[in-house]
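Asks: Pasting upload-v7.pdb here (PDB, C-alpha atoms and all ligand atoms):
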```pdb
ATOM      1  CA  MET A   9      75.113  71.180 127.843
ATOM      2  CA  GLU A  10      78.838  71.519 127.004
ATOM      3  CA  LYS A  11      77.884  73.210 123.731
ATOM      4  CA  SER A  12      75.687  75.813 125.391
ATOM      5  CA  LYS A  13      78.418  76.558 127.945
ATOM      6  CA  ALA A  14      80.891  77.175 125.121
ATOM      7  CA  MET A  15      78.358  79.375 123.332
ATOM      8  CA  LYS A  16      77.823  81.416 126.477
ATOM      9  CA  ARG A  17      81.595  81.820 126.916
ATOM     10  CA  ASP A  18      81.982  82.955 123.293
ATOM     11  CA  SER A  19      79.083  85.398 123.588
ATOM     12  CA  ILE A  20      80.502  86.921 126.774
ATOM     13  CA  ALA A  21      83.885  87.331 125.057
ATOM     14  CA  THR A  22      82.197  88.959 122.029
ATOM     15  CA  ALA A  23      80.264  91.387 124.240
ATOM     16  CA  ARG A  24      83.463  92.291 126.117
ATOM     17  CA  LEU A  25      85.339  92.878 122.849
ATOM     18  CA  LEU A  26      82.569  95.129 121.548
ATOM     19  CA  SER A  27      82.635  97.106 124.781
ATOM     20  CA  GLU A  28      86.433  97.419 124.657
ATOM     21  CA  ALA A  29      86.165  98.899 121.154
ATOM     22  CA  LEU A  30      84.059 101.840 122.414
ATOM     23  CA  PRO A  31      86.936 104.326 123.059
ATOM     24  CA  ASN A  32      88.348 103.692 119.572
ATOM     25  CA  ILE A  33      84.919 103.974 117.957
ATOM     26  CA  GLN A  34      84.444 107.297 119.770
ATOM     27  CA  ARG A  35      87.917 108.473 118.743
ATOM     28  CA  HIS A  36      87.056 108.064 115.067
ATOM     29  CA  ASP A  37      83.509 109.445 115.339
ATOM     30  CA  GLY A  38      82.674 111.344 112.123
ATOM     31  CA  ALA A  39      86.132 110.738 110.635
ATOM     32  CA  ILE A  40      86.723 110.421 106.900
ATOM     33  CA  ILE A  41      88.936 107.408 106.228
ATOM     34  CA  VAL A  42      90.235 106.856 102.697
ATOM     35  CA  ILE A  43      90.970 103.204 102.027
ATOM     36  CA  LYS A  44      92.986 102.049  99.028
ATOM     37  CA  LEU A  45      92.090  98.475  98.169
ATOM     38  CA  GLY A  46      94.912  97.087  96.041
ATOM     39  CA  GLY A  47      94.325  94.446  93.405
ATOM     40  CA  HIS A  48      96.362  91.929  95.382
ATOM     41  CA  ALA A  49      94.240  92.501  98.482
ATOM     42  CA  MET A  50      91.067  91.498  96.583
ATOM     43  CA  SER A  51      92.404  88.068  95.776
ATOM     44  CA  SER A  52      89.662  85.886  97.266
ATOM     45  CA  PRO A  53      85.867  86.099  97.703
ATOM     46  CA  GLU A  54      86.391  85.690 101.488
ATOM     47  CA  ALA A  55      88.759  88.693 101.579
ATOM     48  CA  MET A  56      86.222  90.771  99.615
ATOM     49  CA  LYS A  57      83.396  89.767 101.935
ATOM     50  CA  SER A  58      85.427  90.587 105.043
ATOM     51  CA  PHE A  59      86.415  93.955 103.528
ATOM     52  CA  ALA A  60      82.808  94.746 102.592
ATOM     53  CA  ARG A  61      81.557  93.904 106.100
ATOM     54  CA  ASP A  62      84.249  96.138 107.604
ATOM     55  CA  MET A  63      83.119  99.056 105.407
ATOM     56  CA  VAL A  64      79.478  98.624 106.411
ATOM     57  CA  MET A  65      80.489  98.328 110.060
ATOM     58  CA  LEU A  66      82.528 101.566 109.855
ATOM     59  CA  ARG A  67      79.614 103.443 108.327
ATOM     60  CA  GLN A  68      77.308 102.023 111.012
ATOM     61  CA  CYS A  69      79.670 103.524 113.613
ATOM     62  CA  ASN A  70      79.511 106.998 111.978
ATOM     63  CA  ILE A  71      82.922 106.642 110.352
ATOM     64  CA  LYS A  72      82.946 107.639 106.688
ATOM     65  CA  PRO A  73      84.913 105.286 104.450
ATOM     66  CA  VAL A  74      85.900 106.389 100.949
ATOM     67  CA  ILE A  75      87.296 103.548  98.868
ATOM     68  CA  VAL A  76      89.802 103.982  96.067
ATOM     69  CA  HIS A  77      90.667 100.702  94.405
ATOM     70  CA  GLY A  78      93.379  99.262  92.196
ATOM     71  CA  GLY A  79      93.169  96.175  90.042
ATOM     72  CA  GLY A  80      96.645  95.707  88.559
ATOM     73  CA  PRO A  81      96.418  91.885  88.404
ATOM     74  CA  MET A  82      92.985  92.045  86.738
ATOM     75  CA  ILE A  83      94.316  94.520  84.132
ATOM     76  CA  ASN A  84      97.300  92.235  83.513
ATOM     77  CA  ALA A  85      94.985  89.256  82.933
ATOM     78  CA  MET A  86      92.881  91.170  80.392
ATOM     79  CA  LEU A  87      95.941  92.566  78.578
ATOM     80  CA  GLU A  88      97.327  89.050  78.358
ATOM     81  CA  LYS A  89      94.049  87.752  76.943
ATOM     82  CA  LEU A  90      94.133  90.509  74.318
ATOM     83  CA  GLU A  91      97.835  89.803  73.686
ATOM     84  CA  ILE A  92      98.830  93.393  74.494
ATOM     85  CA  PRO A  93     102.305  93.530  76.080
ATOM     86  CA  THR A  94     102.713  95.652  79.205
ATOM     87  CA  GLU A  95     105.570  97.006  81.299
ATOM     88  CA  PHE A  96     106.027  98.842  84.609
ATOM     89  CA  VAL A  97     108.543 101.532  85.552
ATOM     90  CA  ASN A  98     108.882 102.142  89.304
ATOM     91  CA  GLY A  99     105.462 100.609  89.987
ATOM     92  CA  LYS A 100     103.639 102.512  87.222
ATOM     93  CA  ARG A 101     102.309 100.930  84.049
ATOM     94  CA  ILE A 102     103.489 102.383  80.740
ATOM     95  CA  SER A 103     100.158 103.288  79.165
ATOM     96  CA  THR A 104      99.501 103.584  75.427
ATOM     97  CA  PRO A 105      96.022 104.828  74.426
ATOM     98  CA  GLU A 106      95.150 101.171  73.741
ATOM     99  CA  THR A 107      96.301 100.181  77.245
ATOM    100  CA  VAL A 108      94.258 102.991  78.818
ATOM    101  CA  ASP A 109      91.119 101.690  77.059
ATOM    102  CA  VAL A 110      91.655  98.287  78.661
ATOM    103  CA  VAL A 111      92.491  99.821  82.072
ATOM    104  CA  GLU A 112      89.271 101.860  81.997
ATOM    105  CA  MET A 113      87.172  98.904  80.903
ATOM    106  CA  VAL A 114      88.534  96.657  83.655
ATOM    107  CA  LEU A 115      88.674  99.168  86.528
ATOM    108  CA  SER A 116      85.451 101.129  85.933
ATOM    109  CA  GLY A 117      83.635  97.956  84.903
ATOM    110  CA  LYS A 118      84.094  94.626  86.615
ATOM    111  CA  VAL A 119      86.429  95.628  89.445
ATOM    112  CA  ASN A 120      84.512  98.725  90.581
ATOM    113  CA  LYS A 121      81.139  97.019  90.370
ATOM    114  CA  SER A 122      82.268  93.900  92.205
ATOM    115  CA  ILE A 123      83.328  96.057  95.195
ATOM    116  CA  VAL A 124      80.042  97.989  95.035
ATOM    117  CA  SER A 125      78.081  94.712  94.958
ATOM    118  CA  ALA A 126      80.079  93.209  97.815
ATOM    119  CA  ILE A 127      79.351  96.223 100.058
ATOM    120  CA  ASN A 128      75.698  96.439  99.074
ATOM    121  CA  GLY A 129      75.421  92.688  99.661
ATOM    122  CA  GLN A 130      76.344  93.329 103.298
ATOM    123  CA  GLY A 131      73.642  95.980 103.710
ATOM    124  CA  GLY A 132      75.742  99.045 102.816
ATOM    125  CA  ARG A 133      74.984 101.730 100.229
ATOM    126  CA  ALA A 134      77.964 101.955  97.922
ATOM    127  CA  VAL A 135      78.122 104.083  94.773
ATOM    128  CA  GLY A 136      80.761 103.468  92.097
ATOM    129  CA  LEU A 137      82.455 106.260  90.165
ATOM    130  CA  SER A 138      85.827 107.017  88.634
ATOM    131  CA  GLY A 139      88.189 109.951  88.973
ATOM    132  CA  LYS A 140      86.723 111.218  85.688
ATOM    133  CA  ASP A 141      83.264 111.738  87.186
ATOM    134  CA  ALA A 142      82.529 115.373  88.053
ATOM    135  CA  ASN A 143      86.229 116.050  87.231
ATOM    136  CA  LEU A 144      87.177 114.509  90.562
ATOM    137  CA  LEU A 145      90.804 113.957  89.512
ATOM    138  CA  VAL A 146      92.214 116.431  87.001
ATOM    139  CA  CYS A 147      95.589 115.199  85.776
ATOM    140  CA  GLU A 148      98.632 116.184  83.822
ATOM    141  CA  GLN A 149     100.822 113.715  82.005
ATOM    142  CA  ALA A 150     103.309 112.181  84.458
ATOM    143  CA  ALA A 151     107.006 112.796  83.945
ATOM    144  CA  GLY A 152     109.049 110.108  82.200
ATOM    145  CA  ASP A 153     108.098 108.029  79.207
ATOM    146  CA  LEU A 154     104.989 106.490  80.701
ATOM    147  CA  GLY A 155     102.504 107.561  78.009
ATOM    148  CA  MET A 156      99.005 108.304  79.291
ATOM    149  CA  VAL A 157      99.829 107.991  82.994
ATOM    150  CA  GLY A 158      98.381 110.911  84.920
ATOM    151  CA  ASP A 159      99.553 112.845  87.956
ATOM    152  CA  PRO A 160      96.648 114.523  89.760
ATOM    153  CA  VAL A 161      96.985 118.327  89.756
ATOM    154  CA  ALA A 162      93.510 119.197  91.079
ATOM    155  CA  VAL A 163      90.969 117.321  93.175
ATOM    156  CA  ASN A 164      87.334 118.387  92.906
ATOM    157  CA  ALA A 165      86.132 116.588  96.003
ATOM    158  CA  LYS A 166      82.602 118.052  96.047
ATOM    159  CA  VAL A 167      81.017 114.944  94.533
ATOM    160  CA  VAL A 168      82.656 112.752  97.190
ATOM    161  CA  PHE A 169      81.534 115.049 100.033
ATOM    162  CA  SER A 170      77.975 114.975  98.628
ATOM    163  CA  LEU A 171      77.932 111.187  98.574
ATOM    164  CA  ILE A 172      79.391 110.903 102.084
ATOM    165  CA  GLU A 173      76.930 113.418 103.500
ATOM    166  CA  SER A 174      74.043 111.474 101.964
ATOM    167  CA  GLY A 175      75.183 108.295 103.714
ATOM    168  CA  PHE A 176      76.758 106.576 100.694
ATOM    169  CA  ILE A 177      80.101 104.803 100.519
ATOM    170  CA  PRO A 178      81.978 106.109  97.433
ATOM    171  CA  VAL A 179      83.977 103.480  95.520
ATOM    172  CA  ILE A 180      86.401 105.205  93.150
ATOM    173  CA  ALA A 181      88.293 103.772  90.167
ATOM    174  CA  PRO A 182      91.712 105.452  89.671
ATOM    175  CA  LEU A 183      91.270 107.190  86.331
ATOM    176  CA  GLY A 184      91.753 110.885  85.717
ATOM    177  CA  THR A 185      90.686 113.457  83.221
ATOM    178  CA  GLY A 186      93.022 115.833  81.371
ATOM    179  CA  LYS A 187      92.394 119.536  80.734
ATOM    180  CA  ASN A 188      91.347 118.620  77.166
ATOM    181  CA  GLY A 189      89.146 115.716  78.175
ATOM    182  CA  GLU A 190      91.799 113.013  77.809
ATOM    183  CA  THR A 191      91.635 109.874  79.956
ATOM    184  CA  PHE A 192      94.636 109.159  82.148
ATOM    185  CA  ASN A 193      95.610 105.934  83.912
ATOM    186  CA  VAL A 194      96.421 106.884  87.505
ATOM    187  CA  ASN A 195      98.225 104.553  89.874
ATOM    188  CA  GLY A 196      95.738 103.490  92.552
ATOM    189  CA  ASP A 197      97.958 104.583  95.428
ATOM    190  CA  THR A 198      98.574 107.976  93.832
ATOM    191  CA  ALA A 199      94.835 108.478  93.278
ATOM    192  CA  ALA A 200      94.012 107.461  96.867
ATOM    193  CA  GLY A 201      96.623 109.870  98.246
ATOM    194  CA  ALA A 202      95.354 112.780  96.139
ATOM    195  CA  ILE A 203      91.744 112.107  97.140
ATOM    196  CA  ALA A 204      92.705 111.745 100.827
ATOM    197  CA  GLY A 205      94.526 115.101 100.574
ATOM    198  CA  GLY A 206      91.558 116.726  98.790
ATOM    199  CA  LEU A 207      89.181 115.510 101.503
ATOM    200  CA  LYS A 208      91.661 116.331 104.323
ATOM    201  CA  ALA A 209      90.956 112.786 105.489
ATOM    202  CA  ASN A 210      91.754 111.745 109.030
ATOM    203  CA  ARG A 211      93.451 108.612 107.807
ATOM    204  CA  LEU A 212      94.581 106.859 104.656
ATOM    205  CA  LEU A 213      94.860 103.063 104.766
ATOM    206  CA  LEU A 214      96.790 101.452 101.907
ATOM    207  CA  LEU A 215      95.743  97.791 101.810
ATOM    208  CA  THR A 216      98.158  95.491 100.016
ATOM    209  CA  ASP A 217      99.555  91.947 100.124
ATOM    210  CA  VAL A 218     102.441  92.437 102.573
ATOM    211  CA  SER A 219     102.272  93.114 106.293
ATOM    212  CA  GLY A 220     103.924  96.539 105.936
ATOM    213  CA  VAL A 221     107.079  98.251 104.713
ATOM    214  CA  LYS A 222     110.040  95.951 105.333
ATOM    215  CA  ASP A 223     113.622  96.864 106.101
ATOM    216  CA  ALA A 224     116.703  95.178 104.590
ATOM    217  CA  ASP A 225     116.294  92.254 107.063
ATOM    218  CA  GLY A 226     112.684  91.721 106.037
ATOM    219  CA  ASP A 227     111.277  93.059 109.322
ATOM    220  CA  VAL A 228     108.187  95.271 109.168
ATOM    221  CA  LEU A 229     108.825  98.863 110.283
ATOM    222  CA  THR A 230     105.847  99.778 112.472
ATOM    223  CA  ASN A 231     106.646 103.510 112.379
ATOM    224  CA  LEU A 232     108.256 105.118 109.396
ATOM    225  CA  SER A 233     109.711 108.619 108.897
ATOM    226  CA  ALA A 234     110.236 110.549 105.653
ATOM    227  CA  GLU A 235     114.021 110.147 106.124
ATOM    228  CA  GLN A 236     113.707 106.351 106.410
ATOM    229  CA  VAL A 237     111.574 106.233 103.267
ATOM    230  CA  SER A 238     114.111 108.133 101.173
ATOM    231  CA  ASP A 239     117.027 106.148 102.627
ATOM    232  CA  LEU A 240     115.357 102.751 101.984
ATOM    233  CA  THR A 241     114.306 103.829  98.480
ATOM    234  CA  ASP A 242     117.856 104.975  97.621
ATOM    235  CA  LYS A 243     119.195 101.620  98.811
ATOM    236  CA  GLY A 244     116.620  99.729  96.714
ATOM    237  CA  VAL A 245     115.004  98.135  99.795
ATOM    238  CA  ILE A 246     111.759  99.898  98.908
ATOM    239  CA  SER A 247     111.159  98.961  95.275
ATOM    240  CA  GLY A 248     108.477  98.252  92.639
ATOM    241  CA  GLY A 249     104.891  98.712  93.806
ATOM    242  CA  MET A 250     106.032  99.901  97.254
ATOM    243  CA  ILE A 251     107.519 103.083  95.729
ATOM    244  CA  PRO A 252     104.167 104.713  94.811
ATOM    245  CA  LYS A 253     102.793 103.683  98.237
ATOM    246  CA  THR A 254     105.484 105.299 100.348
ATOM    247  CA  GLN A 255     105.612 108.365  98.079
ATOM    248  CA  THR A 256     101.829 108.656  98.327
ATOM    249  CA  ALA A 257     102.046 108.428 102.110
ATOM    250  CA  LEU A 258     104.502 111.325 102.297
ATOM    251  CA  ASP A 259     102.507 113.459  99.824
ATOM    252  CA  ALA A 260      99.255 112.791 101.699
ATOM    253  CA  ILE A 261     100.822 113.857 105.010
ATOM    254  CA  ASN A 262     102.072 117.066 103.333
ATOM    255  CA  ASP A 263      98.511 117.647 102.058
ATOM    256  CA  GLY A 264      97.052 117.516 105.574
ATOM    257  CA  VAL A 265      96.166 113.832 106.094
ATOM    258  CA  ARG A 266      96.921 113.000 109.730
ATOM    259  CA  ALA A 267      98.235 109.440 109.381
ATOM    260  CA  VAL A 268      98.829 106.851 106.666
ATOM    261  CA  VAL A 269      99.037 103.100 107.284
ATOM    262  CA  ILE A 270     100.452 100.572 104.780
ATOM    263  CA  MET A 271      99.086  97.161 105.788
ATOM    264  CA  ASP A 272      98.011  93.679 104.713
ATOM    265  CA  GLY A 273      94.492  93.837 103.316
ATOM    266  CA  ARG A 274      94.191  90.052 103.066
ATOM    267  CA  MET A 275      93.900  89.636 106.840
ATOM    268  CA  ALA A 276      90.373  89.034 108.067
ATOM    269  CA  ASN A 277      88.821  92.303 109.291
ATOM    270  CA  ALA A 278      92.023  94.221 108.553
ATOM    271  CA  CYS A 279      90.345  97.655 108.746
ATOM    272  CA  LEU A 280      88.514  96.934 112.016
ATOM    273  CA  LEU A 281      91.744  95.660 113.526
ATOM    274  CA  GLU A 282      93.526  98.880 112.603
ATOM    275  CA  LEU A 283      90.800 101.326 113.624
ATOM    276  CA  PHE A 284      88.951  99.642 116.502
ATOM    277  CA  THR A 285      91.681  97.885 118.454
ATOM    278  CA  ASP A 286      94.867  99.044 120.146
ATOM    279  CA  TYR A 287      96.817  96.646 117.950
ATOM    280  CA  GLY A 288      98.492  98.705 115.218
ATOM    281  CA  ALA A 289      98.591  96.723 111.980
ATOM    282  CA  GLY A 290     101.294  97.465 109.377
ATOM    283  CA  SER A 291     103.544 100.514 108.966
ATOM    284  CA  MET A 292     102.342 103.943 110.084
ATOM    285  CA  ILE A 293     103.563 107.280 108.764
ATOM    286  CA  ARG A 294     102.314 110.260 110.811
ATOM    287  CA  ALA A 295     102.125 114.002 110.339
TER     288      ALA A 295
HETATM  289  N1  LIG A 301     110.509  97.355 101.339
HETATM  290  C1  LIG A 301     109.398  96.701 100.956
HETATM  291  N2  LIG A 301     108.532  96.239 101.890
HETATM  292  C2  LIG A 301     107.431  95.555 101.536
HETATM  293  N3  LIG A 301     107.074  95.287 100.237
HETATM  294  C3  LIG A 301     107.884  95.733  99.249
HETATM  295  C4  LIG A 301     109.078  96.469  99.571
HETATM  296  N4  LIG A 301     109.689  96.776  98.397
HETATM  297  C5  LIG A 301     108.926  96.267  97.408
HETATM  298  N5  LIG A 301     107.838  95.641  97.892
HETATM  299  C6  LIG A 301     106.819  94.979  97.060
HETATM  300  O1  LIG A 301     105.676  95.837  96.937
HETATM  301  C7  LIG A 301     104.541  94.997  96.739
HETATM  302  C8  LIG A 301     103.247  95.790  96.944
HETATM  303  O2  LIG A 301     102.991  96.607  95.835
HETATM  304  P1  LIG A 301     101.934  96.164  94.693
HETATM  305  O3  LIG A 301     102.277  94.806  94.175
HETATM  306  O4  LIG A 301     101.839  97.280  93.712
HETATM  307  O5  LIG A 301     100.595  96.028  95.558
HETATM  308  P2  LIG A 301      99.084  96.448  95.335
HETATM  309  O6  LIG A 301      98.579  95.661  94.169
HETATM  310  O7  LIG A 301      98.464  96.054  96.624
HETATM  311  O8  LIG A 301      99.032  97.939  95.097
HETATM  312  C9  LIG A 301     104.785  93.871  97.710
HETATM  313  O9  LIG A 301     104.066  92.698  97.389
HETATM  314  C10 LIG A 301     106.307  93.666  97.616
HETATM  315  O10 LIG A 301     106.605  92.665  96.659
HETATM  316  C1  LIG A 302      99.650 104.048  86.280
HETATM  317  C2  LIG A 302      99.338 102.705  86.869
HETATM  318  O1  LIG A 302     100.251 101.953  87.181
HETATM  319  N1  LIG A 302      98.049 102.392  87.058
HETATM  320  C3  LIG A 302      97.611 101.143  87.611
HETATM  321  C4  LIG A 302      96.162 101.294  88.062
HETATM  322  C5  LIG A 302      95.679 100.118  88.885
HETATM  323  C6  LIG A 302      96.450  99.941  90.189
HETATM  324  O2  LIG A 302      97.089 100.831  90.711
HETATM  325  O3  LIG A 302      96.285  98.681  90.726
HETATM  326  P1  LIG A 302      96.971  98.078  92.038
HETATM  327  O4  LIG A 302      96.647  98.998  93.155
HETATM  328  O5  LIG A 302      96.313  96.757  92.188
HETATM  329  O6  LIG A 302      98.467  97.961  91.813
HETATM  330  C7  LIG A 302      97.744 100.001  86.571
HETATM  331  O7  LIG A 302      97.595 100.254  85.368
HETATM  332  O8  LIG A 302      97.963  98.852  87.007
END
```
Step by step, read the file and then write its structure as structure tokens.
Replies:
Amino acid sequence: MEKSKAMKRDSIATARLLSEALPNIQRHDGAIIVIKLGGHAMSSPEAMKSFARDMVMLRQCNIKPVIVHGGGPMINAMLEKLEIPTEFVNGKRISTPETVDVVEMVLSGKVNKSIVSAINGQGGRAVGLSGKDANLLVCEQAAGDLGMVGDPVAVNAKVVFSLIESGFIPVIAPLGTGKNGETFNVNGDTAAGAIAGGLKANRLLLLTDVSGVKDADGDVLTNLSAEQVSDLTDKGVISGGMIPKTQTALDAINDGVRAVVIMDGRMANACLLELFTDYGAGSMIRA
């Protein structure tokens, strides 16, 4: 008796929550949302399952997710196994041709396919590709001595639009192609920003392993301006892997993306929380 009462109470609460989400679901109707899934945010099978369910739920609500993933920790593990040393400069991996081979193997292989399988396992229709497919991301060599790290100079988004329009969820590995057919290693955040700009996405969500961009006291800044980003970067408060994220956010806004959110992807239902509730997760940078 007690059990059925509790069940009824829970069901009523669930129905009310679903109903309360309606205005937000309507607000995002038909929107293209680019979601960068960082390697650190894919740390557990539970986090992957929750992420995959969120993607299928979004698509079910006529919101069009496009996933661009990272996989830094998985690349590190493989490089270590192969005894290939590796180093980062301002959040970007110095990439010899040998390193790029490993990056491509790990990202386009295991990492990409595990996301595709997780989504399809929840009833979605995900298709995996990399920035090399259909010349999606054409790159030039990035400045500095980073080797085969690419900066996107052109985005051929047609293949992504085709997949979206056919009801698929694109899952994109951050590799790029050079004008002479070279393969470039592209930082996942940079790739997500370029693709979001190329699609003129409504939103870009950068999912990572911290609750947002923190100030010098360690407090998360819920709203962030371009001035704050440059000030915090100059002071070294924004450092390492957060540098490509904040830079990507500013570039994406300049390219026509309406809002970028940097948030914790390890939280259960992180994307639903951000899009379907009035609770703003993480740090938002707006146009
Ligand atoms: N000001 C800051 N606020 C929050 N995180 C920061 C900041 N500066 C540097 N970081 C670091 O950036 C990391 C996120 O970048 P990264 O490790 O590349 O993540 P991902 O693998 O998700 O792309 C955080 O775990 C944190 O250590
Ligand atoms: C140039 C560069 O740094 N490329 C990244 C690509 C993967 C990535 O960005 O992974 P996360 O999102 O998990 O950090 C790398 O080699 O690690």
Asks: Have a look at atom CA of Val194 of chain A and atom C1 of ligand LIG 302 (chain A) and let me know their distance in Å, one decimal.
Replies: 4.5 Å
Asks: When the PyMOL selection byres (((not hetatm)) within 10 of (chain A and resi 302)) is applied to the file above, which residues end up in the set, as an MDAnalysis selection string?
Replies: chainID A and resid 44:50 76:84 94:103 107:108 110:112 114:115 150 154:159 181:183 192:200 214:217 249:250 252:253
Asks: Pick out the residues sitting within 12 Å of Val268 of chain A, and hand them over as a ChimeraX atom specification; count only C-alpha atoms, and ignore anything fewer than 3 positions along from it in its own chain.
Replies: /A:41-44,197,200-201,204-205,209-215,220,230-233,253-265,271,282-283,288-295
Asks: Mind writing the picked residues with C-alpha atoms as a short mmCIF file (atom, residue, chain, number, x, y, z; two decimals), keeping the file's coordinate frame?
Replies:
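Ended up saving to result-v3.cif:
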```cif
data_model
loop_
_atom_site.label_atom_id
_atom_site.label_comp_id
_atom_site.auth_asym_id
_atom_site.auth_seq_id
_atom_site.Cartn_x
_atom_site.Cartn_y
_atom_site.Cartn_z
CA ILE A 41 88.94 107.41 106.23
CA VAL A 42 90.24 106.86 102.70
CA ILE A 43 90.97 103.20 102.03
CA LYS A 44 92.99 102.05 99.03
CA ASP A 197 97.96 104.58 95.43
CA ALA A 200 94.01 107.46 96.87
CA GLY A 201 96.62 109.87 98.25
CA ALA A 204 92.70 111.74 100.83
CA GLY A 205 94.53 115.10 100.57
CA ALA A 209 90.96 112.79 105.49
CA ASN A 210 91.75 111.74 109.03
CA ARG A 211 93.45 108.61 107.81
CA LEU A 212 94.58 106.86 104.66
CA LEU A 213 94.86 103.06 104.77
CA LEU A 214 96.79 101.45 101.91
CA LEU A 215 95.74 97.79 101.81
CA GLY A 220 103.92 96.54 105.94
CA THR A 230 105.85 99.78 112.47
CA ASN A 231 106.65 103.51 112.38
CA LEU A 232 108.26 105.12 109.40
CA SER A 233 109.71 108.62 108.90
CA LYS A 253 102.79 103.68 98.24
CA THR A 254 105.48 105.30 100.35
CA GLN A 255 105.61 108.36 98.08
CA THR A 256 101.83 108.66 98.33
CA ALA A 257 102.05 108.43 102.11
CA LEU A 258 104.50 111.32 102.30
CA ASP A 259 102.51 113.46 99.82
CA ALA A 260 99.26 112.79 101.70
CA ILE A 261 100.82 113.86 105.01
CA ASN A 262 102.07 117.07 103.33
CA ASP A 263 98.51 117.65 102.06
CA GLY A 264 97.05 117.52 105.57
CA VAL A 265 96.17 113.83 106.09
CA MET A 271 99.09 97.16 105.79
CA GLU A 282 93.53 98.88 112.60
CA LEU A 283 90.80 101.33 113.62
CA GLY A 288 98.49 98.70 115.22
CA ALA A 289 98.59 96.72 111.98
CA GLY A 290 101.29 97.46 109.38
CA SER A 291 103.54 100.51 108.97
CA MET A 292 102.34 103.94 110.08
CA ILE A 293 103.56 107.28 108.76
CA ARG A 294 102.31 110.26 110.81
CA ALA A 295 102.12 114.00 110.34
#
```
Asks: Carefully work through the PyMOL selection byres (((chain A and resi 144) around 10) and not hetatm) for this structure and note down the residues it includes, as a list of chain:residue names.
Replies: A:Leu137, A:Ser138, A:Gly139, A:Lys140, A:Asp141, A:Ala142, A:Asn143, A:Leu145, A:Val146, A:Cys147, A:Pro160, A:Ala162, A:Val163, A:Asn164, A:Ala165, A:Lys166, A:Val167, A:Val168, A:Ile180, A:Leu183, A:Gly184, A:Thr185, A:Ile203, A:Gly206
Asks: Extract, using only C-alpha atoms, all DNA, RNA and protein residues at most 10 Å from Leu171 of chain A, discarding same-chain residues fewer than 6 positions from it, and format them as a list of chain:residue names.
Replies: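 Everything that qualifies: A:Val74, A:Ala134, A:Val135, A:Ile177, A:Pro178.
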Asks: With distances taken over only C-alpha atoms, which of A:Leu90, A:Leu240, A:Met275, A:Ile40 is nearest to Phe169 of chain A?
Replies: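 Comparing A:Leu90, A:Leu240, A:Met275, A:Ile40 against Phe169 of chain A, the winner is A:Ile40.
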Asks: In Å, how far is it from atom CA of Ala126 of chain A to atom CA of Gly175 of chain A?
Replies: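 Separating atom CA of Ala126 of chain A from atom CA of Gly175 of chain A is a distance of 16.9 Å.
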Asks: To one decimal in Å, tell me the separation between atom C9 of ligand LIG 301 (chain A) and atom CA of Asp286 of chain A.
Replies: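 A separation of 25.1 Å between them.
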Asks: Please determine, counting only C-alpha atoms and all ligand atoms, which residue among A:Ala234, A:Ser51, A:Gly152, A:Lys187 has the shortest atom-to-atom distance to ligand LIG 301 (chain A).
Replies: A:Ser51
